[in-house]
Amino acid sequence: MGEITTLNECKEKTEGTIVEISSTDSRILGKMMSLGIIPGASFILLRRGSGVIVQIGYTKVALDAELAMLVRIKPRR
Amino acid sequence: MKTIVLAGSPNTGKSVFFCSLTGKYTTVSNYPGTTVEIFRGIAKISGKAVEVIDTPGIYSLKPVTEEEAVSVRLLTETSPDLILHIVDAKNLQRMLPLTLDILKGSTPLILVLNMMDEAERLGVRIHKKELSRRLGIPVLETSITKGQGINALKKEIGSQLSKQGNAKRKNRHGNLALVHSSFKNHREAEKLLDGVFFKGAPNAFKGLEKFVLHPFGGSVLITFILYVGLYLIVGRFGAGYLVNMLEGELFGRLIIPWAERWTEMYIPGVMIRQLLVGEFGIIALGLRYAFGIILPIVGTFFFVFAILEDSGYLPRIAFLADGLMKKIGLNGRAIIPLILGFGCGTMAVLVTRTLENRRERIIATFLLTLAVPCSAQLGLILAILSSEPRYLLGWIIVITAFFTITGVLINTLLPGRRTPFFMELPPLRLPTIKAVTQKTFARMRWYFSEIIPVFMFISIFLWLLTVTGIWGVFSGKLTPILDLMGLPQSLSTVFLYGFFRRDYGAAGLYDLYMQGLVNSVQLFIAAVVLTLFVPCVAQLAVMVKERGAVVTALIVLTVAVTAVIAGIMLNKILF
Ligand SMILES: Nc1nc2c(ncn2[C@@H]2O[C@H](COP(=O)(O)OP(=O)(O)OP(=O)(O)O)[C@@H](O)[C@H]2O)c(=O)[nH]1
Ligand SMILES: [Mg+2]
């Protein structure tokens with residue numbers, strides 16, 4: 001099991017589980033949740049650029065670094 | 001009449017379903033946030049007329065953007081007879097929480113699992129009977145674009161509506177807006193789907209999908225699309241070949257000479273003849289510009305654009321452009337209204353609703369007004385300047401520079417801050433010929449219903465100004481300004497058209513160019529000034545409605561001054 005880090009630190013092809021979203025802003029939490037970014041969900045990081053593209057279930061979501069930094073995750077392996 | 005509302009997350013097929021129920025077209029595109037206002041239509045269901053309402057997509061009952069707020073208000077503050085919650089079946093897990101929220105209201109609900117074709121291809125299985133039992137509402141499967149499941153759904157709607165009496169219910173949950181999707185809701189949805197929803201194979205990330213998002217491959221693709229789509233199809237084919245055929249051959253050789261002979265024979269008064277076939281006449285100018293010049297360009301543009309929209313490419317561009325957009329106080333999301341602006345600025349200003357805060361909406365509106373040419377302008381400028389590539393390049397550089405510099409400036413000057421970027425990327429889908437042609441024609445019809453009254457007005461207005469002699473005085477007043485920009489007086493008409501319609505301004509410039517009345521440097525300066533110059537009246541009206549009169553006035557003033565200064569500066573540099 002890997003260390004807990006943020007989505008923004010992950011390399012491409014990283015797989016893992018979302019642990020928490022470190023924000024108290026209900027707008028941000030709401031946005032993330034409705035896109036499937038909720039604690040317990042597993043993800044794959046598809047692409048890194050100035051932000052990231054992650055896949056959760058059948059949904060692909062683009063997030064900028066600012067938001068990716070808030071998503072704390074646990075990589076698999 | 002009974003009312004049903006189509007609601008759900010963005011990009012789940014609400015608008016396709018609206019079209020198939022009512023036969024009325026509203027834009028369907030493969031990206032979240034296509035519909036930005038409420039559309040109403042009438043459908044025949046079980047022999048009865050029913051009002052159907054299409055709404056902008058929402059992620060939850062807690063709206064983030066303006067167009068979402070419109071839907072949430074409709075769902076929470078009005079009392080329709082039935083709500084259809086339309087979801088993307090493969091993403092049921094994250095869309096079901098919204099169903100639970102809507103269920104807290106008192107309006108009867110049907111859950112529609114759409115895009116079953118894609119879900120099945122991935123091997124997703126859903127026990128809809130059990131789900132329906134657990135939720136206590138009807139659950140139906142559809143693939144609306146394939147026409148599958150629509151009849152069964154219509155039947156269900158009919159029986160739901162006839163079950164209720166005719167008495168109007170009141171929407172019980174006045175403060176539903178407060179019960180937004182919470183974490184608890186997601187857990188509840190998870191439990192409900194246990195033993196009901198079975199995931200299929202993961203959707204692979206490879207091939208085209210990977211290429212499109214590749215930093216290098218992506219840029220190659222954008223360049224290729226700009227070259228083929230804009231330059232070859234719109235510029236060379238639409239503005240070059242088609243305009244030549246329609247304006248040069250059809251109008252120039254057939255319609256206008258014929259109209260001249262006809263009026264000569266049957267219309268006695270010189271004045272009325274002037275109104276029809278004179279310099280600014282309805283036929284000689286209005287109709288010729290509208291159908292000979294603008295139609296082919298706008299048509300080819302809308303065609304190229306429809307393909308882009310339906311492919312699902314635009315949200316990917318938003319991701320790639322996010323870093324750049326942040327330099328001008330926007331985020332990647334704003335690229336969609338800005339790109340739409342190349343089609344029609346009026347449409348684009350409406351779409352700025354999808355931006356998250358007022359500051360972003362103001363910046364985007366400003367840039368749309370100043371530095372984004374609409375399709376007719378762009379096509380004609382490509383056609384006029386392509387004979388002199390260095391001026392075409394110069395035009396691109398100057399406009400890009402104005403876009404960037406004013407963007408950076410306004411970002412530093414305006415108080416406030418941009419919002420972070422997030423966006424759902426829909427699957428890349430192959431655009432269908434039917435959807436693309438339907439959209440192209442629907443947009444052209446809309447476009448022409450907008451411009452025909454305006455061109456009638458311009459023709460009559462200019463005719464009045466000419467016969468009363470006011471025009472001479474007025475264009476005399478414009479001469480010193482034109483002089484400063486090194487432009488001949490004949491361009492004053494062009495600027496006046498440009499004020500009413502950008503596309504007419506560009507068409508006027510094209511006309512002068514064809515008659516050889518302006519040299520290349522003047523063409524270049526005029527092209528720049530006309531591009532930057534104030535928006536057309538239609539866009540102005542939408543701006544006032546969306547941004548308010550004060551902001552609009554400030555934007556227009558800044559834009560007009562900037563355009564004139566640009567012209568004067570270029571003239572100083574080039575002469
Ligand atoms: N494969 C497949 N595609 C579908 C189906 N229904 C809709 N689509 C596609 O999904 C995309 C979105 O459709 P729209 O009707 O614009 O979605 P919407 O829910 O109105 O979206 P917003 O207006 O953004 O809220 C379009 O590209 C449609 O062609 C379906 O059953 N199967
Ligand atoms: Mg829609």
# chains A, B, ... in the order shown; residues from 1 in each chain; ligands from 1
>>> residues_near_ligand(ligand="ligand 1", cutoff="8 Å", atoms="only C-alpha atoms and all ligand atoms", output="ChimeraX atom specification")
/B:7-18,27-36,54-58,86,114-118,142-148,309-312,429,431,435
>>> residues_around(residues="Lys13 in chain A", least_positions_apart="5", cutoff="10 Å", atoms="only C-alpha atoms", output="list in words")
Phe43, Ile44, Leu45, Leu46, Arg47, Arg48 and Val54 of chain A
>>> interface_residues(of="chain A", to="chain B", cutoff="6 Å", atoms="only C-alpha atoms", output="ChimeraX atom specification")
/A:34,36,60-64
>>> write_last_selection(atoms="N, CA, C and O atoms", output="compact mmCIF listing (two decimals), in the first residue's frame")
# COMPACT_ATOMS: atom_id res chain seq x y z
N SER A 34 -20.67 15.32 -7.35
CA SER A 34 -21.56 15.04 -8.46
C SER A 34 -20.80 14.48 -9.67
O SER A 34 -21.39 13.90 -10.56
N GLY A 36 -18.55 12.23 -9.17
CA GLY A 36 -18.14 10.90 -8.73
C GLY A 36 -16.87 10.88 -7.91
O GLY A 36 -16.37 9.83 -7.54
N LYS A 60 -14.96 10.52 -17.19
CA LYS A 60 -13.65 11.18 -17.25
C LYS A 60 -13.83 12.61 -16.81
O LYS A 60 -14.72 13.30 -17.29
N VAL A 61 -12.97 13.04 -15.89
CA VAL A 61 -13.09 14.40 -15.39
C VAL A 61 -11.76 15.12 -15.52
O VAL A 61 -10.71 14.56 -15.20
N ALA A 62 -11.81 16.36 -16.02
CA ALA A 62 -10.61 17.19 -16.06
C ALA A 62 -10.65 18.13 -14.85
O ALA A 62 -11.68 18.73 -14.57
N LEU A 63 -9.54 18.19 -14.11
CA LEU A 63 -9.44 19.09 -12.96
C LEU A 63 -8.16 19.90 -13.11
O LEU A 63 -7.16 19.36 -13.58
N ASP A 64 -8.18 21.17 -12.71
CA ASP A 64 -6.91 21.89 -12.74
C ASP A 64 -6.12 21.56 -11.47
O ASP A 64 -6.62 20.91 -10.56
>>> atom_distance(atom1="CA of Ile362 in chain B", atom2="CA of Val551 in chain B")
7.9 Å
>>> residues_around(residues="Val19 in chain A", least_positions_apart="2", cutoff="9 Å", atoms="only C-alpha atoms", output="PyMOL selection string")
chain A and resi 4+17+21+38-41+71-74
>>> residues_around(residues="Leu367 in chain B", least_positions_apart="2", cutoff="9 Å", atoms="only C-alpha atoms", output="PyMOL selection string")
chain B and resi 338+362-365+369-372+403+406-407
>>> atom_distance(atom1="CA of Phe303 in chain B", atom2="CA of Gly238 in chain B")
10.7 Å
>>> closest_residue(among="B:Ile256, B:Leu135, B:Ile307, B:Cys19", to="ligand 2", atoms="only C-alpha atoms and all ligand atoms")
B:Cys19
>>> atom_distance(atom1="CA of Leu350 in chain B", atom2="CA of Ala506 in chain B")
23.0 Å
>>> select_by_dssp(residues="range 15-46 of chain A", states="strand (DSSP E or B)", output="PyMOL selection string")
chain A and resi 15-21+42-46
>>> write_last_selection(atoms="N, CA, C and O atoms", output="CSV table (one decimal), in the first residue's frame")
chain,number,residue,atom,x,y,z
A,15,GLU,N,-3.1,4.2,-10.3
A,15,GLU,CA,-4.5,3.8,-9.9
A,15,GLU,C,-4.6,3.9,-8.4
A,15,GLU,O,-3.6,3.7,-7.7
A,16,GLY,N,-5.7,4.1,-7.8
A,16,GLY,CA,-5.8,4.2,-6.4
A,16,GLY,C,-7.2,4.5,-5.9
A,16,GLY,O,-8.2,4.4,-6.7
A,17,THR,N,-7.3,4.8,-4.7
A,17,THR,CA,-8.6,5.1,-4.1
A,17,THR,C,-8.6,6.5,-3.5
A,17,THR,O,-7.6,7.0,-3.0
A,18,ILE,N,-9.8,7.2,-3.6
A,18,ILE,CA,-9.9,8.5,-3.1
A,18,ILE,C,-10.1,8.5,-1.6
A,18,ILE,O,-11.0,7.7,-1.2
A,19,VAL,N,-9.4,9.2,-0.8
A,19,VAL,CA,-9.5,9.1,0.6
A,19,VAL,C,-10.4,10.2,1.1
A,19,VAL,O,-11.3,10.0,1.9
A,20,GLU,N,-10.1,11.5,0.8
A,20,GLU,CA,-10.9,12.6,1.2
A,20,GLU,C,-10.7,13.8,0.3
A,20,GLU,O,-9.7,13.9,-0.5
A,21,ILE,N,-11.6,14.7,0.4
A,21,ILE,CA,-11.4,16.0,-0.4
A,21,ILE,C,-11.2,17.0,0.7
A,21,ILE,O,-12.1,17.3,1.5
A,42,SER,N,-12.6,4.4,-6.6
A,42,SER,CA,-11.3,4.2,-7.2
A,42,SER,C,-11.2,5.0,-8.5
A,42,SER,O,-12.1,5.3,-9.2
A,43,PHE,N,-9.9,5.3,-8.8
A,43,PHE,CA,-9.7,6.1,-10.0
A,43,PHE,C,-8.5,5.7,-10.8
A,43,PHE,O,-7.6,4.9,-10.2
A,44,ILE,N,-8.3,6.1,-12.0
A,44,ILE,CA,-7.1,6.0,-12.8
A,44,ILE,C,-6.7,7.4,-13.3
A,44,ILE,O,-7.6,8.1,-13.8
A,45,LEU,N,-5.5,7.7,-13.2
A,45,LEU,CA,-5.1,9.0,-13.7
A,45,LEU,C,-4.7,8.8,-15.2
A,45,LEU,O,-3.8,8.1,-15.5
A,46,LEU,N,-5.4,9.5,-16.0
A,46,LEU,CA,-5.2,9.2,-17.5
A,46,LEU,C,-4.1,10.2,-18.1
A,46,LEU,O,-3.4,9.8,-18.9
>>> decode(residues="range 18-37 of chain A", atoms="N, CA, C and O atoms", output="PDB file, in the first residue's frame")
ATOM      1  N   ILE A  18      -9.759   7.200  -3.649  1.00  0.00           N
ATOM      2  CA  ILE A  18      -9.875   8.547  -3.096  1.00  0.00           C
ATOM      3  C   ILE A  18     -10.141   8.452  -1.599  1.00  0.00           C
ATOM      4  O   ILE A  18     -10.994   7.675  -1.151  1.00  0.00           O
ATOM      5  N   VAL A  19      -9.365   9.205  -0.826  1.00  0.00           N
ATOM      6  CA  VAL A  19      -9.487   9.130   0.626  1.00  0.00           C
ATOM      7  C   VAL A  19     -10.373  10.249   1.150  1.00  0.00           C
ATOM      8  O   VAL A  19     -11.320  10.016   1.888  1.00  0.00           O
ATOM      9  N   GLU A  20     -10.059  11.469   0.761  1.00  0.00           N
ATOM     10  CA  GLU A  20     -10.911  12.579   1.175  1.00  0.00           C
ATOM     11  C   GLU A  20     -10.701  13.794   0.283  1.00  0.00           C
ATOM     12  O   GLU A  20      -9.729  13.851  -0.474  1.00  0.00           O
ATOM     13  N   ILE A  21     -11.605  14.742   0.353  1.00  0.00           N
ATOM     14  CA  ILE A  21     -11.424  15.996  -0.351  1.00  0.00           C
ATOM     15  C   ILE A  21     -11.184  17.049   0.712  1.00  0.00           C
ATOM     16  O   ILE A  21     -12.070  17.317   1.532  1.00  0.00           O
ATOM     17  N   SER A  22      -9.970  17.600   0.732  1.00  0.00           N
ATOM     18  CA  SER A  22      -9.652  18.498   1.832  1.00  0.00           C
ATOM     19  C   SER A  22     -10.097  19.915   1.515  1.00  0.00           C
ATOM     20  O   SER A  22      -9.320  20.755   1.106  1.00  0.00           O
ATOM     21  N   SER A  23     -11.398  20.108   1.658  1.00  0.00           N
ATOM     22  CA  SER A  23     -11.954  21.441   1.476  1.00  0.00           C
ATOM     23  C   SER A  23     -13.207  21.524   2.324  1.00  0.00           C
ATOM     24  O   SER A  23     -13.873  20.522   2.572  1.00  0.00           O
ATOM     25  N   THR A  24     -13.514  22.717   2.768  1.00  0.00           N
ATOM     26  CA  THR A  24     -14.751  22.880   3.529  1.00  0.00           C
ATOM     27  C   THR A  24     -15.757  23.663   2.695  1.00  0.00           C
ATOM     28  O   THR A  24     -16.875  23.900   3.113  1.00  0.00           O
ATOM     29  N   ASP A  25     -15.311  24.064   1.494  1.00  0.00           N
ATOM     30  CA  ASP A  25     -16.169  24.827   0.600  1.00  0.00           C
ATOM     31  C   ASP A  25     -17.255  23.907   0.034  1.00  0.00           C
ATOM     32  O   ASP A  25     -16.957  22.970  -0.696  1.00  0.00           O
ATOM     33  N   SER A  26     -18.491  24.170   0.390  1.00  0.00           N
ATOM     34  CA  SER A  26     -19.546  23.232  -0.003  1.00  0.00           C
ATOM     35  C   SER A  26     -19.739  23.219  -1.518  1.00  0.00           C
ATOM     36  O   SER A  26     -20.166  22.231  -2.097  1.00  0.00           O
ATOM     37  N   ARG A  27     -19.407  24.339  -2.187  1.00  0.00           N
ATOM     38  CA  ARG A  27     -19.508  24.371  -3.651  1.00  0.00           C
ATOM     39  C   ARG A  27     -18.540  23.374  -4.266  1.00  0.00           C
ATOM     40  O   ARG A  27     -18.885  22.600  -5.142  1.00  0.00           O
ATOM     41  N   ILE A  28     -17.302  23.406  -3.768  1.00  0.00           N
ATOM     42  CA  ILE A  28     -16.281  22.508  -4.310  1.00  0.00           C
ATOM     43  C   ILE A  28     -16.640  21.059  -3.996  1.00  0.00           C
ATOM     44  O   ILE A  28     -16.602  20.186  -4.862  1.00  0.00           O
ATOM     45  N   LEU A  29     -17.029  20.797  -2.741  1.00  0.00           N
ATOM     46  CA  LEU A  29     -17.397  19.431  -2.366  1.00  0.00           C
ATOM     47  C   LEU A  29     -18.551  18.932  -3.233  1.00  0.00           C
ATOM     48  O   LEU A  29     -18.536  17.803  -3.711  1.00  0.00           O
ATOM     49  N   GLY A  30     -19.532  19.801  -3.432  1.00  0.00           N
ATOM     50  CA  GLY A  30     -20.698  19.427  -4.227  1.00  0.00           C
ATOM     51  C   GLY A  30     -20.319  19.082  -5.652  1.00  0.00           C
ATOM     52  O   GLY A  30     -20.750  18.071  -6.198  1.00  0.00           O
ATOM     53  N   LYS A  31     -19.488  19.935  -6.258  1.00  0.00           N
ATOM     54  CA  LYS A  31     -19.023  19.709  -7.625  1.00  0.00           C
ATOM     55  C   LYS A  31     -18.346  18.361  -7.734  1.00  0.00           C
ATOM     56  O   LYS A  31     -18.622  17.564  -8.609  1.00  0.00           O
ATOM     57  N   MET A  32     -17.399  18.132  -6.830  1.00  0.00           N
ATOM     58  CA  MET A  32     -16.597  16.912  -6.884  1.00  0.00           C
ATOM     59  C   MET A  32     -17.495  15.691  -6.747  1.00  0.00           C
ATOM     60  O   MET A  32     -17.377  14.727  -7.498  1.00  0.00           O
ATOM     61  N   MET A  33     -18.398  15.745  -5.777  1.00  0.00           N
ATOM     62  CA  MET A  33     -19.256  14.599  -5.522  1.00  0.00           C
ATOM     63  C   MET A  33     -20.120  14.270  -6.733  1.00  0.00           C
ATOM     64  O   MET A  33     -20.254  13.115  -7.101  1.00  0.00           O
ATOM     65  N   SER A  34     -20.666  15.318  -7.346  1.00  0.00           N
ATOM     66  CA  SER A  34     -21.562  15.037  -8.465  1.00  0.00           C
ATOM     67  C   SER A  34     -20.803  14.481  -9.666  1.00  0.00           C
ATOM     68  O   SER A  34     -21.390  13.900 -10.559  1.00  0.00           O
ATOM     69  N   LEU A  35     -19.485  14.657  -9.684  1.00  0.00           N
ATOM     70  CA  LEU A  35     -18.700  14.058 -10.756  1.00  0.00           C
ATOM     71  C   LEU A  35     -18.173  12.682 -10.358  1.00  0.00           C
ATOM     72  O   LEU A  35     -17.409  12.062 -11.082  1.00  0.00           O
ATOM     73  N   GLY A  36     -18.551  12.231  -9.174  1.00  0.00           N
ATOM     74  CA  GLY A  36     -18.142  10.897  -8.734  1.00  0.00           C
ATOM     75  C   GLY A  36     -16.868  10.883  -7.913  1.00  0.00           C
ATOM     76  O   GLY A  36     -16.370   9.828  -7.537  1.00  0.00           O
ATOM     77  N   ILE A  37     -16.310  12.085  -7.640  1.00  0.00           N
ATOM     78  CA  ILE A  37     -15.098  12.137  -6.823  1.00  0.00           C
ATOM     79  C   ILE A  37     -15.511  12.147  -5.358  1.00  0.00           C
ATOM     80  O   ILE A  37     -15.692  13.205  -4.759  1.00  0.00           O
TER      81      ILE A  37
END
